[in-house]
file upload-v4.txt (compact mmCIF, C-alpha atoms)
# COMPACT_ATOMS: atom_id res chain seq x y z
CA MET A 1 -12.96 -157.60 -178.52
CA ARG A 2 -11.04 -160.82 -178.68
CA SER A 3 -10.89 -162.65 -175.37
CA VAL A 4 -7.50 -161.51 -174.25
CA ALA A 5 -7.14 -161.85 -170.50
CA ARG A 6 -4.36 -159.34 -170.19
CA PHE A 7 -6.90 -156.56 -170.04
CA ALA A 8 -8.59 -158.00 -166.98
CA LYS A 9 -5.98 -156.53 -164.68
CA TYR A 10 -7.23 -153.09 -165.67
CA GLY A 11 -10.79 -153.82 -164.63
CA ILE A 12 -10.98 -150.70 -162.56
CA ALA A 13 -12.43 -147.31 -163.15
CA VAL A 14 -9.88 -145.14 -164.83
CA SER A 15 -8.84 -142.27 -162.67
CA ILE A 16 -6.02 -140.08 -163.81
CA ALA A 17 -4.67 -136.68 -163.15
CA CYS A 18 -3.85 -134.22 -165.88
CA ALA A 19 -0.43 -135.85 -166.21
CA ALA A 20 1.48 -132.65 -165.71
CA LEU A 21 -0.35 -130.93 -168.54
CA ALA A 22 -1.61 -128.00 -166.57
CA THR A 23 -1.75 -125.76 -169.60
CA ALA A 24 -3.79 -128.19 -171.63
CA CYS A 25 -6.10 -128.92 -168.73
CA ALA A 26 -6.76 -125.31 -167.90
CA ALA A 27 -7.41 -124.34 -171.47
CA GLN A 28 -10.49 -126.53 -171.87
CA THR A 29 -13.94 -126.45 -170.38
CA GLY A 30 -15.21 -129.73 -168.99
CA TRP A 31 -12.54 -131.93 -170.52
CA ALA A 32 -8.81 -131.81 -171.15
CA TRP A 33 -6.17 -133.25 -173.40
CA VAL A 34 -3.89 -135.59 -171.46
CA SER A 35 -0.96 -137.86 -172.13
CA ILE A 36 -1.89 -141.53 -172.16
CA ARG A 37 1.58 -142.50 -171.01
CA HIS A 38 0.64 -143.42 -167.45
CA VAL A 39 -3.00 -144.41 -167.95
CA PRO A 40 -3.37 -148.16 -167.33
CA ALA A 41 -6.22 -148.51 -169.84
CA PHE A 42 -3.84 -147.50 -172.62
CA SER A 43 -0.78 -149.42 -171.47
CA ASP A 44 -1.11 -151.77 -174.44
CA VAL A 45 -0.83 -148.89 -176.89
CA GLU A 46 2.04 -150.39 -178.86
CA ALA A 47 0.26 -153.75 -179.22
CA GLN A 48 -2.90 -151.97 -180.38
CA LEU A 49 -0.96 -149.93 -182.92
CA GLN A 50 0.87 -153.03 -184.15
CA MET A 51 -2.46 -154.81 -184.66
CA LEU A 52 -3.80 -151.79 -186.52
CA VAL A 53 -0.79 -151.58 -188.81
CA ASN A 54 -0.76 -155.28 -189.53
CA VAL A 55 -4.47 -155.33 -190.38
CA ASN A 56 -4.97 -151.98 -192.13
CA GLY A 57 -1.54 -150.57 -192.88
CA HIS A 58 -0.10 -150.31 -196.37
CA GLU A 59 3.34 -148.88 -195.61
CA LYS A 60 6.25 -150.56 -193.88
CA THR A 61 6.94 -147.67 -191.51
CA ASN A 62 4.04 -145.97 -189.75
CA HIS A 63 4.04 -142.89 -187.56
CA PHE A 64 1.45 -142.24 -184.87
CA CYS A 65 0.53 -139.62 -182.34
CA VAL A 66 -1.86 -140.54 -179.51
CA ILE A 67 -3.59 -138.02 -177.25
CA GLY A 68 -5.98 -138.72 -174.37
CA GLN A 69 -9.18 -136.81 -173.79
CA LYS A 70 -10.34 -136.82 -170.19
CA ASP A 71 -13.47 -135.48 -168.54
CA LYS A 72 -14.88 -135.98 -165.06
CA ALA A 73 -16.44 -139.32 -165.98
CA SER A 74 -14.05 -141.07 -168.29
CA VAL A 75 -11.08 -141.09 -170.59
CA GLN A 76 -10.76 -141.88 -174.27
CA ALA A 77 -8.06 -141.17 -176.82
CA TYR A 78 -7.55 -140.15 -180.42
CA VAL A 79 -4.95 -141.87 -182.56
CA TYR A 80 -3.61 -139.73 -185.39
CA TRP A 81 -2.11 -141.86 -188.18
CA PRO A 82 -0.63 -139.46 -190.75
CA THR A 83 0.81 -142.33 -192.78
CA GLU A 84 -2.72 -143.44 -193.70
CA GLN A 85 -4.51 -140.11 -193.10
CA LYS A 86 -6.71 -141.50 -190.35
CA LEU A 87 -7.94 -140.20 -187.00
CA ILE A 88 -9.26 -143.00 -184.82
CA LEU A 89 -11.20 -142.80 -181.56
CA TRP A 90 -9.98 -145.26 -178.94
CA VAL A 91 -12.47 -146.09 -176.20
CA PRO A 92 -10.68 -148.59 -173.96
CA HIS A 93 -12.51 -151.84 -173.23
CA LEU A 94 -11.62 -155.06 -171.47
CA TYR A 95 -11.03 -158.14 -173.64
CA ASP A 96 -10.28 -155.94 -176.61
CA ASP A 97 -7.02 -156.26 -178.46
CA GLU A 98 -8.52 -154.83 -181.67
CA ALA A 99 -9.90 -151.59 -180.27
CA LEU A 100 -8.47 -149.48 -183.08
CA VAL A 101 -9.29 -151.85 -185.92
CA THR A 102 -12.92 -152.04 -184.79
CA SER A 103 -13.42 -148.45 -183.68
CA ASP A 104 -16.77 -146.94 -184.64
CA ARG A 105 -15.01 -143.61 -185.23
CA TYR A 106 -12.38 -144.61 -187.75
CA LEU A 107 -12.18 -141.29 -189.54
CA ASP A 108 -10.72 -141.00 -193.01
CA LEU A 109 -9.28 -137.50 -193.14
CA LYS A 110 -9.74 -137.36 -196.90
CA ARG A 111 -13.42 -138.25 -196.68
CA ASP A 112 -14.94 -137.62 -193.25
CA VAL A 113 -13.97 -133.99 -192.62
CA VAL A 114 -16.11 -130.98 -193.48
CA ASP A 115 -15.14 -127.34 -193.81
CA GLY A 116 -17.08 -124.84 -191.74
CA ASN A 117 -18.92 -125.57 -188.51
CA ASP A 118 -21.82 -127.69 -189.73
CA VAL A 119 -21.71 -131.50 -190.09
CA HIS A 120 -25.46 -131.43 -190.82
CA GLY A 121 -26.51 -133.70 -187.99
CA SER A 122 -23.99 -136.44 -188.64
CA THR A 123 -22.99 -138.59 -185.68
CA TYR A 124 -19.44 -139.04 -186.94
CA LEU A 125 -18.29 -136.49 -189.52
CA VAL A 126 -15.98 -133.91 -187.96
CA THR A 127 -15.06 -130.35 -188.77
CA ARG A 128 -11.62 -129.44 -190.04
CA SER A 129 -11.28 -127.22 -187.00
CA PHE A 130 -11.80 -130.24 -184.72
CA VAL A 131 -9.18 -132.23 -186.61
CA ASN A 132 -6.68 -129.38 -186.57
CA THR A 133 -7.19 -128.81 -182.85
CA THR A 134 -6.81 -132.51 -182.07
CA VAL A 135 -3.69 -132.92 -184.17
CA GLN A 136 -2.14 -129.78 -182.72
CA ALA A 137 -2.84 -130.94 -179.15
CA CYS A 138 -1.32 -134.28 -180.04
CA GLN A 139 1.80 -132.70 -181.46
CA GLU A 140 2.19 -130.58 -178.33
CA HIS A 141 1.12 -132.97 -175.58
CA GLY A 142 0.61 -136.41 -177.11
CA ASP A 143 2.80 -139.48 -177.30
CA LYS A 144 4.57 -140.42 -180.53
CA PHE A 145 5.13 -143.93 -181.85
CA THR A 146 6.71 -145.51 -184.91
CA ILE A 147 5.47 -148.97 -185.81
CA GLN A 148 6.84 -151.30 -188.46
CA LYS A 149 4.41 -153.51 -190.32
CA SER A 150 5.40 -157.04 -189.32
CA ASN A 151 3.35 -159.21 -191.64
CA MET B 152 -28.49 -196.17 -158.08
CA GLY B 153 -27.86 -192.53 -157.44
CA SER B 154 -29.81 -189.64 -158.81
CA PRO B 155 -29.23 -188.87 -162.47
CA PRO B 156 -26.46 -186.41 -163.19
CA LYS B 157 -27.57 -182.83 -163.39
CA THR B 158 -27.31 -181.29 -166.78
CA ALA B 159 -26.93 -177.61 -167.40
CA LYS B 160 -30.05 -175.99 -168.75
CA PRO B 161 -29.31 -175.03 -172.33
CA GLN B 162 -29.18 -171.29 -172.71
CA THR B 163 -31.20 -169.57 -175.38
CA GLN B 164 -28.99 -167.97 -178.00
CA ILE B 165 -29.50 -164.25 -178.31
CA VAL B 166 -29.92 -163.30 -181.94
CA LEU B 167 -30.60 -159.99 -183.59
CA ALA B 168 -33.50 -159.38 -185.92
CA ASN B 169 -32.75 -160.03 -189.57
CA SER B 170 -30.57 -157.30 -191.04
CA SER B 171 -33.20 -156.64 -193.71
CA THR B 172 -35.68 -155.39 -191.10
CA ASP B 173 -35.84 -151.96 -189.50
CA ALA B 174 -35.47 -153.53 -186.06
CA GLY B 175 -32.37 -155.36 -187.26
CA ALA B 176 -30.79 -152.16 -188.57
CA MET B 177 -31.49 -150.27 -185.36
CA GLU B 178 -30.26 -153.07 -183.09
CA ARG B 179 -26.95 -153.14 -184.93
CA LEU B 180 -26.66 -149.37 -184.85
CA PHE B 181 -27.37 -149.12 -181.11
CA LEU B 182 -24.87 -151.87 -180.23
CA LEU B 183 -22.12 -150.22 -182.24
CA GLU B 184 -22.78 -146.68 -181.01
CA ALA B 185 -23.06 -147.28 -177.24
CA TYR B 186 -20.37 -148.11 -174.71
CA THR B 187 -20.28 -151.84 -174.05
CA PRO B 188 -20.21 -153.31 -170.52
CA ALA B 189 -16.47 -153.93 -171.01
CA TYR B 190 -15.72 -150.20 -171.04
CA VAL B 191 -12.96 -149.64 -168.51
CA GLY B 192 -14.53 -146.48 -167.13
CA THR B 193 -17.90 -146.22 -165.47
CA TYR B 194 -20.52 -148.34 -167.23
CA ASP B 195 -24.13 -148.08 -166.11
CA ALA B 196 -26.62 -150.42 -167.77
CA THR B 197 -29.58 -148.20 -166.87
CA GLN B 198 -27.91 -145.19 -168.47
CA ASN B 199 -27.03 -147.30 -171.46
CA LEU B 200 -30.63 -148.31 -172.07
CA ALA B 201 -31.64 -144.67 -171.71
CA ALA B 202 -29.02 -143.78 -174.35
CA MET B 203 -30.29 -146.47 -176.71
CA ARG B 204 -33.85 -145.17 -176.29
CA LEU B 205 -32.64 -141.71 -177.22
CA MET B 206 -31.03 -143.20 -180.34
CA ARG B 207 -34.33 -144.85 -181.26
CA GLN B 208 -36.24 -141.61 -180.69
CA THR B 209 -33.67 -139.79 -182.82
CA ILE B 210 -34.39 -142.15 -185.71
CA GLU B 211 -38.16 -141.83 -185.27
CA ASN B 212 -38.02 -138.02 -185.09
CA ARG B 213 -35.84 -137.82 -188.18
CA LEU B 214 -38.29 -140.03 -190.04
CA LYS B 215 -40.95 -137.34 -189.53
CA SER B 216 -38.89 -134.84 -191.55
CA PRO B 217 -36.09 -136.76 -193.27
CA GLY B 218 -35.13 -133.92 -195.58
CA GLN B 219 -33.82 -131.96 -192.60
CA TYR B 220 -31.35 -134.75 -191.86
CA MET B 221 -29.81 -135.49 -195.26
CA ALA B 222 -32.21 -138.36 -195.84
CA GLY B 223 -34.74 -136.87 -198.25
CA GLY B 224 -37.19 -139.48 -199.46
CA ALA B 225 -36.62 -141.80 -196.53
CA THR B 226 -39.71 -143.77 -195.60
CA THR B 227 -38.28 -146.29 -193.14
CA GLU B 228 -35.96 -146.33 -190.14
CA THR B 229 -33.41 -148.19 -192.25
CA ASP B 230 -33.45 -145.39 -194.83
CA ILE B 231 -32.75 -142.86 -192.09
CA ILE B 232 -29.79 -144.92 -190.88
CA GLU B 233 -28.34 -145.53 -194.34
CA LEU B 234 -28.72 -142.18 -196.11
CA GLY B 235 -26.71 -138.98 -195.97
CA ASN B 236 -23.52 -139.96 -194.11
CA GLN B 237 -25.27 -139.65 -190.78
CA PHE B 238 -24.24 -142.90 -189.05
CA ALA B 239 -20.72 -144.27 -189.22
CA GLY B 240 -20.25 -147.53 -191.10
CA PHE B 241 -23.90 -147.77 -192.22
CA GLY B 242 -23.65 -145.99 -195.58
CA THR B 243 -23.85 -149.26 -197.52
CA TYR B 244 -26.08 -151.14 -195.09
CA PRO B 245 -26.76 -154.08 -194.75
CA THR B 246 -23.06 -154.35 -195.59
CA LEU B 247 -21.26 -152.87 -192.61
CA ASP B 248 -17.79 -151.41 -192.37
CA PRO B 249 -15.53 -154.48 -191.86
CA GLY B 250 -14.07 -153.31 -188.54
CA MET B 251 -17.50 -152.59 -187.15
CA MET B 252 -18.80 -155.94 -188.37
CA LEU B 253 -16.00 -157.58 -186.43
CA ARG B 254 -16.92 -155.61 -183.32
CA LEU B 255 -20.55 -156.63 -183.63
CA GLN B 256 -19.59 -160.28 -183.93
CA ASP B 257 -17.44 -159.99 -180.82
CA ILE B 258 -20.32 -158.48 -178.84
CA LEU B 259 -22.65 -161.31 -179.84
CA THR B 260 -20.00 -163.94 -179.19
CA ILE B 261 -19.50 -162.77 -175.61
CA ALA B 262 -23.24 -162.41 -175.02
CA ASN B 263 -23.72 -166.04 -176.05
CA ASN B 264 -20.67 -167.54 -174.32
CA PRO B 265 -21.70 -168.82 -170.87
CA LYS B 266 -18.06 -169.29 -169.93
CA HIS B 267 -17.15 -165.65 -170.48
CA PRO B 268 -16.88 -163.63 -167.24
CA MET B 269 -18.94 -160.81 -168.72
CA GLN B 270 -21.55 -162.91 -170.50
CA ALA B 271 -24.47 -161.77 -168.33
CA ALA B 272 -23.64 -158.10 -168.76
CA PHE B 273 -23.26 -158.48 -172.51
CA ALA B 274 -26.48 -160.46 -172.76
CA GLN B 275 -28.29 -157.60 -171.05
CA PHE B 276 -26.52 -155.13 -173.33
CA VAL B 277 -27.76 -156.94 -176.44
CA ASN B 278 -31.23 -157.45 -175.02
CA ASP B 279 -31.43 -153.75 -174.19
CA ALA B 280 -30.62 -152.93 -177.81
CA ILE B 281 -33.38 -155.28 -178.91
CA THR B 282 -35.78 -153.66 -176.45
CA ALA B 283 -34.93 -150.14 -177.62
CA ALA B 284 -35.31 -151.13 -181.26
CA THR B 285 -38.60 -152.97 -180.93
CA GLU B 286 -40.64 -151.35 -178.15
CA SER B 287 -43.42 -148.96 -178.97
CA THR B 288 -42.34 -145.33 -178.97
CA THR B 289 -45.86 -143.98 -178.83
CA PRO B 290 -45.91 -142.30 -176.38
CA SER B 291 -42.18 -141.68 -176.25
CA VAL B 292 -40.20 -143.70 -173.71
CA ALA B 293 -37.13 -141.58 -174.38
CA LYS B 294 -35.91 -139.18 -171.72
CA TYR B 295 -36.01 -136.35 -174.28
CA PRO B 296 -38.85 -136.87 -176.79
CA ASN B 297 -37.45 -134.08 -178.99
CA VAL B 298 -33.99 -135.64 -179.47
CA THR B 299 -32.76 -135.56 -183.09
CA ALA B 300 -29.00 -136.20 -183.03
CA TRP B 301 -26.05 -137.53 -181.13
CA ARG B 302 -22.30 -137.18 -181.30
CA THR B 303 -19.33 -138.89 -179.73
CA LYS B 304 -18.87 -136.81 -176.61
CA ASN B 305 -16.37 -133.97 -176.83
CA SER B 306 -16.21 -134.17 -180.63
CA GLY B 307 -18.14 -131.01 -181.43
CA SER B 308 -21.74 -130.18 -182.27
CA PRO B 309 -23.80 -131.72 -185.09
CA GLY B 310 -24.34 -128.17 -186.36
CA PRO B 311 -25.43 -124.67 -185.41
CA ARG B 312 -29.13 -125.50 -185.40
CA PHE B 313 -28.76 -128.16 -182.71
CA GLN B 314 -29.14 -127.74 -178.95
CA MET B 315 -27.26 -129.96 -176.49
CA LEU B 316 -29.37 -132.11 -174.17
CA GLU B 317 -27.25 -134.59 -172.19
CA THR B 318 -24.27 -136.95 -172.40
CA LEU B 319 -25.01 -140.63 -171.77
CA SER B 320 -22.91 -143.73 -172.39
CA GLY B 321 -20.26 -141.94 -174.40
CA ASN B 322 -22.54 -139.88 -176.61
CA THR B 323 -23.92 -136.38 -176.32
CA PHE B 324 -27.51 -136.01 -177.47
CA TYR B 325 -29.06 -132.98 -179.16
CA SER B 326 -32.41 -131.57 -180.22
CA THR B 327 -33.05 -129.40 -183.26
CA ASN B 328 -33.84 -125.76 -182.70
CA PRO B 329 -37.24 -124.88 -184.14
CA VAL B 330 -37.05 -123.10 -187.46
CA PRO B 331 -38.10 -119.47 -186.89
CA PRO B 332 -41.14 -118.48 -188.94
CA LEU B 333 -40.32 -116.58 -192.09
CA PRO B 334 -41.21 -112.89 -191.85
CA HIS B 335 -44.36 -112.06 -193.73
CA ARG B 336 -43.61 -110.62 -197.14
CA ASN B 337 -45.86 -107.65 -196.46
CA ALA B 338 -45.42 -106.55 -192.86
CA LYS B 339 -48.05 -103.83 -193.16
CA HIS B 340 -50.58 -106.29 -194.43
CA SER B 341 -49.64 -108.64 -191.63
CA ASN B 342 -50.16 -105.92 -189.02
CA LYS B 343 -53.48 -104.97 -190.50
CA LYS B 344 -54.76 -108.47 -190.04
CA LYS B 345 -54.19 -108.23 -186.31
CA HIS B 346 -56.49 -105.24 -185.95
call {"tool": "encode", "arguments": {"input": "upload-v4.txt", "output": "structure tokens"}}
result
Amino acid sequence: MRSVARFAKYGIAVSIACAALATACAAQTGWAWVSIRHVPAFSDVEAQLQMLVNVNGHEKTNHFCVIGQKDKASVQAYVYWPTEQKLILWVPHLYDDEALVTSDRYLDLKRDVVDGNDVHGSTYLVTRSFVNTTVQACQEHGDKFTIQKSN
Amino acid sequence: MGSPPKTAKPQTQIVLANSSTDAGAMERLFLLEAYTPAYVGTYDATQNLAAMRLMRQTIENRLKSPGQYMAGGATTETDIIELGNQFAGFGTYPTLDPGMMLRLQDILTIANNPKHPMQAAFAQFVNDAITAATESTTPSVAKYPNVTAWRTKNSGSPGPRFQMLETLSGNTFYSTNPVPPLPHRNAKHSNKKKH
């Protein structure tokens, strides 16, 4: 949450349509997968990914898929990083150019995923079904990025 | 001689309880789990305090039967937070996940920076976490006294034995279904006792 003023221009409630993803929208109850492409809160996506790669990346070339998740109240996104086997929740905030680095749901897909439907009360562990569904939605409807580590 | 120049009243720094205390552990957890006032969607401070109180009640309810929540042997709120992979980034508390430590520092920096445009909102955010972590919970001040879990909204259930309550400030809260009584080993004997 570094004090970066460029986010101030997005100090408005996010309101987006289903971004031409009628199929994805209709298939869900209460929330829908959406593209982040035209959502102002995620317009700095490449800068956020670059920061993430420079801080936590180990490979020169990094592939990403980003998919938004919208309900009637808000929008958030998941960032799938197959290069590092991570799935990261992105809740957009003002003054925050390290949203991905500091996410409180920075899931390690080798460690934080359980088989079956029971995470035994955990606030953050996820089921393999949830991961598979999210990654599949991202592949079908999400936005793809390739970021080179620059440091 | 004119009147002396006015000097700004020094503001009191907001500090969290020591990380070695239960209050300190809970304050850090609540700040990292709730939406901050800088969330670009709808942020409601009243809802946020309600969410933090549900988090506190979750910890207190789990402490009554820690074995049910992967924290067997827990005797303190800190134990509940640290044990059993239940709360992200707190598995090696008081050492926090580095990214989350950075986020916490940012929250406190804004809350204590009078020049920041969102300082007042962040100060309230931090003070609400302190309130939720330190106020008496007897009787419960939480909206749902039976709350026992929460999840990032739209990320699935904590398990089949949990019942959804409400989504507040980015998290969906749950209660635990009561464990059905085991059938009596001798049904006939059981029936006889009723007569």
call {"tool": "residues_around", "arguments": {"input": "upload-v4.txt", "residues": "stretch 69-71 of chain A", "least_positions_apart": "6", "cutoff": "8 Å", "atoms": "all atoms listed in the file", "output": "list in words"}}
result
Gly30, Trp31, Ala32, Trp33, Val34, Ala77 and Tyr78 of chain A
call {"tool": "interface_residues", "arguments": {"input": "upload-v4.txt", "of": "chain B", "to": "chain A", "cutoff": "6 Å", "atoms": "all atoms listed in the file", "output": "VMD selection string"}}
result
chain B and resid 189 to 192 237 to 239 250 to 251 254 257 301 to 302 309 to 310
call {"tool": "residues_around", "arguments": {"input": "upload-v4.txt", "residues": "stretch 271-281 of chain B", "least_positions_apart": "5", "cutoff": "7 Å", "atoms": "only C-alpha atoms", "output": "PDB file with C-alpha atoms, in the frame of the given file"}}
result
ATOM      1  CA  GLU B 178     -30.260-153.070-183.090  1.00  0.00           C
ATOM      2  CA  PHE B 181     -27.370-149.120-181.110  1.00  0.00           C
ATOM      3  CA  LEU B 182     -24.870-151.870-180.230  1.00  0.00           C
ATOM      4  CA  PRO B 188     -20.210-153.310-170.520  1.00  0.00           C
ATOM      5  CA  LEU B 200     -30.630-148.310-172.070  1.00  0.00           C
ATOM      6  CA  MET B 203     -30.290-146.470-176.710  1.00  0.00           C
ATOM      7  CA  ILE B 258     -20.320-158.480-178.840  1.00  0.00           C
ATOM      8  CA  ILE B 261     -19.500-162.770-175.610  1.00  0.00           C
ATOM      9  CA  ALA B 262     -23.240-162.410-175.020  1.00  0.00           C
TER      10      ALA B 262
END
call {"tool": "atom_distance", "arguments": {"input": "upload-v4.txt", "atom1": "atom CA of A:Ser35", "atom2": "atom CA of A:Gly142"}}
result
5.4 Å
call {"tool": "residues_around", "arguments": {"input": "upload-v4.txt", "residues": "A:Ile147", "least_positions_apart": "5", "cutoff": "9 Å", "atoms": "only C-alpha atoms", "output": "PyMOL selection string"}}
result
chain A and resi 46+49-50+53+60-64
call {"tool": "atom_distance", "arguments": {"input": "upload-v4.txt", "atom1": "atom CA of B:Ile232", "atom2": "atom CA of A:Val114"}}
result
19.7 Å
call {"tool": "atom_distance", "arguments": {"input": "upload-v4.txt", "atom1": "atom CA of A:Gln48", "atom2": "atom CA of B:Asn263"}}
result
25.5 Å
call {"tool": "closest_residue", "arguments": {"input": "upload-v4.txt", "among": "B:Leu234, B:Leu253, B:Leu205, B:Met221", "to": "B:Thr288", "atoms": "all atoms listed in the file"}}
result
B:Leu205
call {"tool": "closest_residue", "arguments": {"input": "upload-v4.txt", "among": "A:Trp81, A:Lys86, A:Asp108, A:Gly57", "to": "A:Lys149", "atoms": "all atoms listed in the file"}}
result
A:Gly57
call {"tool": "decode", "arguments": {"input": "upload-v4.txt", "residues": "stretch 160-209 of chain B", "atoms": "C-alpha atoms", "output": "mmCIF file, in the first residue's frame"}}
result
data_model
loop_
_atom_site.group_PDB
_atom_site.id
_atom_site.type_symbol
_atom_site.label_atom_id
_atom_site.label_comp_id
_atom_site.auth_asym_id
_atom_site.auth_seq_id
_atom_site.Cartn_x
_atom_site.Cartn_y
_atom_site.Cartn_z
ATOM 1 C CA LYS B 160 -1.510 19.557 18.469
ATOM 2 C CA PRO B 161 0.716 16.502 18.345
ATOM 3 C CA GLN B 162 -1.255 13.453 17.376
ATOM 4 C CA THR B 163 -1.074 10.313 19.444
ATOM 5 C CA GLN B 164 0.563 7.474 17.565
ATOM 6 C CA ILE B 165 -1.659 4.455 17.185
ATOM 7 C CA VAL B 166 0.221 1.334 18.167
ATOM 8 C CA LEU B 167 -0.852 -2.265 18.346
ATOM 9 C CA ALA B 168 -0.534 -4.375 21.453
ATOM 10 C CA ASN B 169 2.730 -6.265 21.743
ATOM 11 C CA SER B 170 2.850 -9.199 19.344
ATOM 12 C CA SER B 171 3.473 -11.556 22.260
ATOM 13 C CA THR B 172 0.003 -10.877 23.682
ATOM 14 C CA ASP B 173 -3.301 -12.402 22.611
ATOM 15 C CA ALA B 174 -4.668 -8.940 21.871
ATOM 16 C CA GLY B 175 -1.656 -8.232 19.683
ATOM 17 C CA ALA B 176 -2.144 -11.435 17.693
ATOM 18 C CA MET B 177 -5.829 -10.758 17.152
ATOM 19 C CA GLU B 178 -5.325 -7.111 16.180
ATOM 20 C CA ARG B 179 -2.851 -8.141 13.505
ATOM 21 C CA LEU B 180 -5.117 -10.908 12.259
ATOM 22 C CA PHE B 181 -8.187 -8.651 12.016
ATOM 23 C CA LEU B 182 -6.295 -5.910 10.158
ATOM 24 C CA LEU B 183 -4.944 -8.364 7.613
ATOM 25 C CA GLU B 184 -8.208 -10.235 7.057
ATOM 26 C CA ALA B 185 -10.634 -7.314 6.619
ATOM 27 C CA TYR B 186 -11.030 -4.908 3.721
ATOM 28 C CA THR B 187 -9.192 -1.672 4.422
ATOM 29 C CA PRO B 188 -10.801 1.765 3.915
ATOM 30 C CA ALA B 189 -8.813 2.060 0.670
ATOM 31 C CA TYR B 190 -10.810 -0.730 -0.965
ATOM 32 C CA VAL B 191 -12.037 0.631 -4.285
ATOM 33 C CA GLY B 192 -15.487 -0.897 -3.908
ATOM 34 C CA THR B 193 -17.966 -0.129 -1.186
ATOM 35 C CA TYR B 194 -16.290 0.194 2.210
ATOM 36 C CA ASP B 195 -18.473 0.587 5.283
ATOM 37 C CA ALA B 196 -16.694 1.156 8.600
ATOM 38 C CA THR B 197 -19.692 -0.039 10.615
ATOM 39 C CA GLN B 198 -19.828 -3.288 8.653
ATOM 40 C CA ASN B 199 -16.093 -3.640 9.037
ATOM 41 C CA LEU B 200 -16.253 -3.427 12.824
ATOM 42 C CA ALA B 201 -19.076 -5.972 12.770
ATOM 43 C CA ALA B 202 -16.847 -8.269 10.684
ATOM 44 C CA MET B 203 -13.939 -7.859 13.100
ATOM 45 C CA ARG B 204 -16.238 -8.704 16.022
ATOM 46 C CA LEU B 205 -17.279 -11.861 14.222
ATOM 47 C CA MET B 206 -13.595 -12.737 13.798
ATOM 48 C CA ARG B 207 -13.036 -12.242 17.525
ATOM 49 C CA GLN B 208 -16.071 -14.375 18.380
ATOM 50 C CA THR B 209 -14.787 -17.042 15.992
#
